[in-house]
Amino acid sequence: MNLIPQAARDVVGWALTPIVKLLIRMPVRPNAVSAAGTLVIVGSAAAFALGKIHWGGFLLIVSGLFDMVDGRVAREGGMSTSFGAFFDSTLDRVGESALFTGIAVFFLRGGVAPDQLTLAVVACFVALAASLLVSYARARAEGLGLTCRVGIAQRAERVILLGAPTMFFGAGSRGALLFWIVVFLALVTAVTVVQRVVYVARAAGTPAAERPARQRDPLSGPAPALRSREGH
């Protein structure tokens with residue numbers, strides 16, 4: 001189960017198709033799209049740190065669109081490479097680290113009520129660590145020959161849950177809205193880590209002959225190393 005229904009993902013994917021086709025025709029390399037998306041999310045982190053919360057949320061949503069586009073440009077443009085998948089995954093971790101660091105800086109600069117400061121900063125650390133573990137759990141499972149895409153809060157959910165409310169409503173009164181969003185993200189992302197660990201424990205305990213055949217991710221490249229650049 002995911003917080004964002006598959007139908008909603010499909011609609012967004014359909015809406016981005018003209019942009020994908022334009023980038024392929026230009027042509028723009030998918031690694032350039034990944035790098036541009038990382039610059040945008042770093043800009044989002046800087047905006048959060050400086051208290052420009054509306055801009056932080058807006059730039060975070062834009063970075064999510066880059067994240068959806070780069071993999072499709074690679075696959076549909078015949079430009080998928082092992083290094084591209086590695087490069088994109090590494091930049092995603094850079095972006096998440098910058099984002100939660102920026103939010104923590106905002107809290108430390110007086111963006112939240114003093115009695116909530118410690119919990120706010122701890123929630124940033126937990127959300128960051130859990131988001132990195134979500135991606136690591138999937139990558140490690142796939143390295144063992146298992147498919148691991150379970151969890152209620154994958155990357156798209158985290159971007160929407162943080163970006164959309166802050167883009168429209170900012171941080172809220174004395175940072176209360178942003179505070180509770182980060183606390184909620186820390187919780188659901190940690191739950192996602194546990195879901196993946198439990199799933200892999202069960203799948204690994206099943207004899208190989210009885211396991212369902214591993215299905216190639218429909219958004220993946222021609223080899224496991226070229227797995228989708230989305231849905232971490």
# chains A, B, ... in the order shown; residues from 1 in each chain; ligands from 1

$ select_by_dssp --residues "region 48-154 of chain A" --states "alpha helix (DSSP H)" --output "PyMOL selection string"
chain A and resi 48-49+53-76+82-106+117-143

$ residues_around --residues "Ile19 (chain A)" --least-positions-apart "2" --cutoff "12 Å" --atoms "only C-alpha atoms" --output "PDB file with C-alpha atoms, in the first residue's frame"
ATOM      1  CA  VAL A  12       1.241  12.679 -13.551  1.00  0.00           C
ATOM      2  CA  GLY A  13       3.334  10.392 -15.737  1.00  0.00           C
ATOM      3  CA  TRP A  14       0.976  10.997 -18.666  1.00  0.00           C
ATOM      4  CA  ALA A  15       1.131  14.772 -18.130  1.00  0.00           C
ATOM      5  CA  LEU A  16       4.940  14.700 -18.214  1.00  0.00           C
ATOM      6  CA  THR A  17       5.126  12.740 -21.477  1.00  0.00           C
ATOM      7  CA  LYS A  21       9.721  13.586 -25.588  1.00  0.00           C
ATOM      8  CA  LEU A  22      11.047  17.144 -25.934  1.00  0.00           C
ATOM      9  CA  LEU A  23      14.133  16.391 -23.834  1.00  0.00           C
ATOM     10  CA  ILE A  24      14.823  13.255 -25.887  1.00  0.00           C
ATOM     11  CA  ARG A  25      14.568  15.192 -29.166  1.00  0.00           C
ATOM     12  CA  MET A  26      16.860  18.019 -28.023  1.00  0.00           C
ATOM     13  CA  PRO A  27      18.708  15.722 -26.918  1.00  0.00           C
ATOM     14  CA  VAL A  28      19.325  16.160 -23.194  1.00  0.00           C
ATOM     15  CA  VAL A  33      18.394  16.076 -15.795  1.00  0.00           C
ATOM     16  CA  LEU A  65       9.200  16.288 -11.335  1.00  0.00           C
ATOM     17  CA  PHE A  66      12.852  16.146 -12.378  1.00  0.00           C
ATOM     18  CA  MET A  68      10.196  11.441 -12.492  1.00  0.00           C
ATOM     19  CA  VAL A  69      11.523  12.674 -15.826  1.00  0.00           C
ATOM     20  CA  ASP A  70      15.187  11.619 -15.760  1.00  0.00           C
ATOM     21  CA  ARG A  72      11.986   8.099 -18.500  1.00  0.00           C
ATOM     22  CA  VAL A  73      14.424  10.093 -20.636  1.00  0.00           C
TER      23      VAL A  73
END

$ residues_around --residues "Ala190 (chain A)" --least-positions-apart "6" --cutoff "8 Å" --atoms "only C-alpha atoms" --output "ChimeraX atom specification"
/A:126-127,130-131

$ residues_around --residues "Gly84 (chain A)" --least-positions-apart "2" --cutoff "8 Å" --atoms "only C-alpha atoms" --output "mmCIF file with N, CA and C atoms, in the first residue's frame"
data_model
loop_
_atom_site.group_PDB
_atom_site.id
_atom_site.type_symbol
_atom_site.label_atom_id
_atom_site.label_comp_id
_atom_site.auth_asym_id
_atom_site.auth_seq_id
_atom_site.Cartn_x
_atom_site.Cartn_y
_atom_site.Cartn_z
ATOM 1 N N PRO A 30 20.134 12.136 -19.651
ATOM 2 C CA PRO A 30 19.428 11.934 -18.376
ATOM 3 C C PRO A 30 20.255 12.319 -17.162
ATOM 4 N N ASN A 31 21.579 12.155 -17.246
ATOM 5 C CA ASN A 31 22.417 12.558 -16.116
ATOM 6 C C ASN A 31 22.366 14.067 -15.890
ATOM 7 N N SER A 80 19.948 4.453 -21.151
ATOM 8 C CA SER A 80 20.141 3.845 -19.833
ATOM 9 C C SER A 80 21.541 3.260 -19.716
ATOM 10 N N THR A 81 22.205 3.561 -18.621
ATOM 11 C CA THR A 81 23.527 2.994 -18.353
ATOM 12 C C THR A 81 23.609 2.637 -16.870
ATOM 13 N N SER A 82 24.520 1.746 -16.533
ATOM 14 C CA SER A 82 24.728 1.387 -15.133
ATOM 15 C C SER A 82 25.187 2.603 -14.331
ATOM 16 N N PHE A 86 23.476 4.573 -10.993
ATOM 17 C CA PHE A 86 24.286 4.850 -9.800
ATOM 18 C C PHE A 86 24.352 6.352 -9.512
ATOM 19 N N PHE A 87 24.577 7.134 -10.554
ATOM 20 C CA PHE A 87 24.704 8.590 -10.420
ATOM 21 C C PHE A 87 23.424 9.188 -9.876
ATOM 22 N N ASP A 88 22.299 8.765 -10.433
ATOM 23 C CA ASP A 88 21.009 9.294 -10.007
ATOM 24 C C ASP A 88 20.719 8.927 -8.559
ATOM 25 N N LEU A 226 20.200 -1.317 -13.886
ATOM 26 C CA LEU A 226 19.547 -0.170 -14.524
ATOM 27 C C LEU A 226 18.125 -0.015 -14.024
#

$ residues_around --residues "Leu117 (chain A)" --least-positions-apart "6" --cutoff "10 Å" --atoms "only C-alpha atoms" --output "number ranges by chain"
A: 104, 107-111, 123, 179

$ residues_around --residues "region 160-166 of chain A" --least-positions-apart "5" --cutoff "9 Å" --atoms "only C-alpha atoms" --output "list in words"
Ile4, Ile53, His54, Trp55, Gly56, Gly57, Phe58, Leu59, Leu60, Ile61, Gly64, Arg155, Ala171, Gly172, Leu177, Leu178, Ile181, Val182 and Leu185 of chain A

$ atom_distance --atom1 "CA of Ala201 (chain A)" --atom2 "CA of Arg93 (chain A)"
24.9 Å

$ residues_around --residues "Val42 (chain A)" --least-positions-apart "4" --cutoff "8 Å" --atoms "only C-alpha atoms" --output "list in words"
Thr38, Ala46, Gly95, Ala98 and Leu99 of chain A

$ closest_residue --among "A:Ala85, A:Leu91, A:Val121, A:Ala141" --to "Arg202 (chain A)" --atoms "only C-alpha atoms"
A:Ala141

$ closest_residue --among "A:Glu76, A:Asp115, A:Arg138, A:Lys52" --to "Val194 (chain A)" --atoms "only C-alpha atoms"
A:Arg138

$ closest_residue --among "A:Val112, A:Glu96, A:Tyr136, A:Ala129" --to "Arg158 (chain A)" --atoms "only C-alpha atoms"
A:Glu96
